[in-house]
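For reference, the structure discussed in these notes is given below.
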Amino acid sequence: MSAIPRTGAGPGGSRQRRVSIFEKETFLGYALLLPTIAVLAIFLAFPFFYGAVLSLTSTEVGDFGLGAFVAFANYAFEAMRDGIFRTAFVNTFTYTIWTTIAKLVLGLLMALLMNQKFPAQRFVRAALLLPWIIPSVLSTLSWRWMFDPTFSVINWVLNSGLHLGFCHGSTQCVDWLGTPSTAMLSMMIVNIWRGTPFYGIALLAGLQTIPIELYEAAKVDGASRWQQFRQITLPMLRPVLLVVLLLSTILTFGDFQLPWVLTGGAPYNSTQVLSTWAYTIAIPGNELGVGAAVSLFLFPVLTIVIAIVLLILRRPD
């Protein structure tokens, strides 16, 4: 009886060892994650930690290396003395809360409507994605033109088209971006217009995973549409809903392009949010350390929000 060769013996032994290593799921998983981890470390982790270090120094634009170490003086100055920072802080929460609520309601309605069968269904679904697909700067510039006090198509519709008399004989109607209250409202309108399709498509995907048998059984039991929505749709949509809320909240808190292009913080800094105020201080204001401190103020808040959402997601039904 011939002896059975040991594993790894002979010419094919090294090849067998290599194959066995890559057949291990744990090793293969970490190996596939390495490129992603490297990208995140370079483009996310390093800028974050470097920004945290900058916030503790008096670094200015053009400095070679870091400025003097000032500990938490930048944070204390912004929180206690700077009135514009407090305005930006309140504006950030106001802007995020109201737009998130509006996008959630409108996105859910959009998802429910798109989940029904109607003519040209695929075309309508694709068209509703356009606000989210178009680059933010281009769409915001278009909205800026529509809000122009003299050439605004919105003012024309309100005054000439609907004969509401907003202009009172003048060529200049509502100054949407020139008045603090309407400027903030305009920012919210554009954010809602842009972000609602993200909610709609994500929730539509969640709706299509709900088994139709649940609704058929509810109909047999005599449940109304509202009862089906409350007892079946909302509970089944909870994981998708929470993830979408989490992502949208993070993106809205840190939104920079839309507020900067639309108003730039004007008028009189009434539409400043923390992202635009951090940029204004750091680049035009030549204070990188203070700007970094402003940009990091919301990090603890976002950490708490993420932790709460993750706990809810992991909670059993």
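Residue numbering restarts at 1 in every chain; chains get A, B, ... in the order shown in the structure tokens, and ligands count up from 1 in that same order.
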
Residues at most 9 Å from stretch 100-105 of chain A, counting only C-alpha atoms, excluding those fewer than 3 positions away in the same chain, as a PyMOL selection string?
chain A and resi 95-97+108-110+191-193+195-200+241+244-245+248-249+252

Can you pull out every residue from stretch 137-283 of chain A that DSSP, working from the backbone, puts in alpha helix (DSSP H), and format the result as a PyMOL selection string?
chain A and resi 137-146+153-156+180-207+212-220+225-228+234-253+257-262+274-282

A:Val290, A:Ile306, A:Ser270, A:Met184 ranked by distance to A:Leu242, top pick (using only C-alpha atoms):
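Distance minimum relative to A:Leu242 lands on A:Ile306.
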
Between atom CA of A:Thr92 and atom CA of A:Arg144, what is the spacing in Å?
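So the answer is 20.2 Å.
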
Test item: residues at most 12 Å from A:Met187, only C-alpha atoms, excluding those fewer than 3 positions along its chain, as a PyMOL selection string
chain A and resi 91-92+94-96+98-99+140+143-144+147+176-177+180-184+190-194+252+255-266+270-273

Please dump the current selection as a compact mmCIF listing (two decimals), in the first residue's frame; keep N, CA and C atoms.
# COMPACT_ATOMS: atom_id res chain seq x y z
N ASN A 91 -29.41 78.48 13.53
CA ASN A 91 -29.85 78.30 12.15
C ASN A 91 -29.61 76.87 11.66
N THR A 92 -28.49 76.28 12.08
CA THR A 92 -28.18 74.92 11.64
C THR A 92 -29.23 73.95 12.14
N THR A 94 -32.35 74.74 13.16
CA THR A 94 -33.63 75.09 12.54
C THR A 94 -33.71 74.56 11.12
N TYR A 95 -32.67 74.81 10.36
CA TYR A 95 -32.59 74.37 8.97
C TYR A 95 -32.69 72.85 8.87
N THR A 96 -32.00 72.14 9.74
CA THR A 96 -31.98 70.68 9.67
C THR A 96 -33.30 70.07 10.11
N TRP A 98 -36.48 71.36 10.36
CA TRP A 98 -37.65 71.61 9.51
C TRP A 98 -37.53 70.94 8.16
N THR A 99 -36.35 70.98 7.55
CA THR A 99 -36.21 70.33 6.25
C THR A 99 -36.30 68.81 6.36
N THR A 140 -28.74 74.96 -7.56
CA THR A 140 -28.86 76.10 -6.65
C THR A 140 -28.76 77.43 -7.39
N TRP A 143 -32.10 78.09 -8.85
CA TRP A 143 -33.02 78.60 -7.83
C TRP A 143 -32.69 80.04 -7.46
N ARG A 144 -31.42 80.37 -7.46
CA ARG A 144 -31.04 81.75 -7.15
C ARG A 144 -31.62 82.72 -8.18
N PHE A 147 -35.31 83.13 -7.50
CA PHE A 147 -35.59 83.97 -6.34
C PHE A 147 -35.16 85.42 -6.53
N TRP A 176 -36.75 87.69 -2.03
CA TRP A 176 -36.65 86.41 -1.35
C TRP A 176 -35.33 86.24 -0.62
N LEU A 177 -34.24 86.64 -1.24
CA LEU A 177 -32.92 86.44 -0.66
C LEU A 177 -32.38 87.68 0.04
N PRO A 180 -34.20 88.54 5.89
CA PRO A 180 -33.78 87.39 6.71
C PRO A 180 -34.78 86.25 6.76
N SER A 181 -36.06 86.55 6.98
CA SER A 181 -37.04 85.47 7.12
C SER A 181 -37.25 84.73 5.81
N THR A 182 -37.40 85.46 4.70
CA THR A 182 -37.62 84.79 3.42
C THR A 182 -36.35 84.13 2.89
N ALA A 183 -35.18 84.64 3.26
CA ALA A 183 -33.93 84.01 2.82
C ALA A 183 -33.77 82.62 3.44
N MET A 184 -34.06 82.50 4.74
CA MET A 184 -33.99 81.20 5.38
C MET A 184 -35.06 80.26 4.83
N VAL A 190 -35.32 75.01 -1.18
CA VAL A 190 -34.38 74.38 -2.12
C VAL A 190 -33.88 73.05 -1.55
N ASN A 191 -33.57 73.00 -0.26
CA ASN A 191 -33.10 71.76 0.35
C ASN A 191 -34.18 70.68 0.29
N ILE A 192 -35.43 71.07 0.56
CA ILE A 192 -36.53 70.10 0.51
C ILE A 192 -36.73 69.59 -0.91
N TRP A 193 -36.67 70.51 -1.88
CA TRP A 193 -36.84 70.12 -3.29
C TRP A 193 -35.75 69.14 -3.70
N ARG A 194 -34.54 69.39 -3.23
CA ARG A 194 -33.42 68.53 -3.63
C ARG A 194 -33.41 67.21 -2.89
N THR A 252 -27.52 67.04 6.06
CA THR A 252 -28.11 68.38 6.19
C THR A 252 -27.36 69.21 7.22
N ASP A 255 -24.38 70.52 5.45
CA ASP A 255 -24.62 71.08 4.11
C ASP A 255 -23.87 72.40 3.93
N PHE A 256 -23.07 72.48 2.89
CA PHE A 256 -22.29 73.69 2.62
C PHE A 256 -22.62 74.29 1.26
N GLN A 257 -22.67 73.47 0.23
CA GLN A 257 -22.81 73.98 -1.13
C GLN A 257 -24.07 74.82 -1.30
N LEU A 258 -25.19 74.26 -0.86
CA LEU A 258 -26.47 74.94 -1.08
C LEU A 258 -26.54 76.29 -0.35
N PRO A 259 -26.29 76.36 0.96
CA PRO A 259 -26.34 77.67 1.63
C PRO A 259 -25.32 78.67 1.10
N TRP A 260 -24.12 78.18 0.76
CA TRP A 260 -23.08 79.10 0.31
C TRP A 260 -23.41 79.69 -1.06
N VAL A 261 -23.86 78.86 -1.99
CA VAL A 261 -24.16 79.33 -3.34
C VAL A 261 -25.43 80.18 -3.33
N LEU A 262 -26.42 79.80 -2.54
CA LEU A 262 -27.69 80.51 -2.58
C LEU A 262 -27.63 81.86 -1.88
N THR A 263 -27.10 81.91 -0.67
CA THR A 263 -27.11 83.16 0.09
C THR A 263 -25.72 83.59 0.57
N GLY A 264 -24.80 82.64 0.76
CA GLY A 264 -23.50 83.00 1.31
C GLY A 264 -23.57 83.56 2.72
N GLY A 265 -24.65 83.24 3.45
CA GLY A 265 -24.84 83.77 4.80
C GLY A 265 -25.62 85.06 4.86
N ALA A 266 -25.84 85.70 3.73
CA ALA A 266 -26.58 86.96 3.69
C ALA A 266 -28.08 86.68 3.84
N SER A 270 -27.82 86.37 8.54
CA SER A 270 -29.03 85.74 9.08
C SER A 270 -29.22 84.32 8.58
N THR A 271 -28.54 83.94 7.50
CA THR A 271 -28.67 82.57 7.00
C THR A 271 -27.37 81.79 7.16
N GLN A 272 -26.49 82.27 8.01
CA GLN A 272 -25.26 81.52 8.27
C GLN A 272 -25.59 80.21 8.98
N VAL A 273 -25.00 79.14 8.50
CA VAL A 273 -25.01 77.86 9.22
C VAL A 273 -23.56 77.55 9.59

Pick out the residues sitting within 10 Å of A:Ile283, and hand them over as JSON, numbers by chain; count only C-alpha atoms, and ignore anything fewer than 6 positions along from it in its own chain.
{"A": [60, 61, 291]}

Only N, CA, C and O atoms, please: the residues just picked out, written as a PDB file, in the first residue's frame.
ATOM      1  N   GLU A  60      -2.985  80.164  11.027  1.00  0.00           N
ATOM      2  CA  GLU A  60      -3.602  81.049  10.050  1.00  0.00           C
ATOM      3  C   GLU A  60      -3.227  80.599   8.646  1.00  0.00           C
ATOM      4  O   GLU A  60      -2.316  79.796   8.457  1.00  0.00           O
ATOM      5  N   VAL A  61      -3.961  81.121   7.663  1.00  0.00           N
ATOM      6  CA  VAL A  61      -3.665  80.793   6.272  1.00  0.00           C
ATOM      7  C   VAL A  61      -2.264  81.291   5.923  1.00  0.00           C
ATOM      8  O   VAL A  61      -1.905  82.440   6.205  1.00  0.00           O
ATOM      9  N   GLY A 291     -11.765  78.438  12.537  1.00  0.00           N
ATOM     10  CA  GLY A 291     -12.670  77.793  11.591  1.00  0.00           C
ATOM     11  C   GLY A 291     -12.790  76.302  11.844  1.00  0.00           C
ATOM     12  O   GLY A 291     -13.890  75.735  11.765  1.00  0.00           O
TER      13      GLY A 291
END

Hey, what's within 10 Å of stretch 201-211 of chain A if we count only C-alpha atoms and toss same-chain stuff fewer than 6 positions away? As a ChimeraX atom specification, please?
/A:104,107-115,125-126,128-129,232-234,236-241,243-244

A:Ala293, A:Ala88, A:Met146, A:Val174 ranked by distance to A:Leu274, top pick (using only C-alpha atoms):
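Using only C-alpha atoms, the shortest distance to A:Leu274 belongs to A:Ala88.
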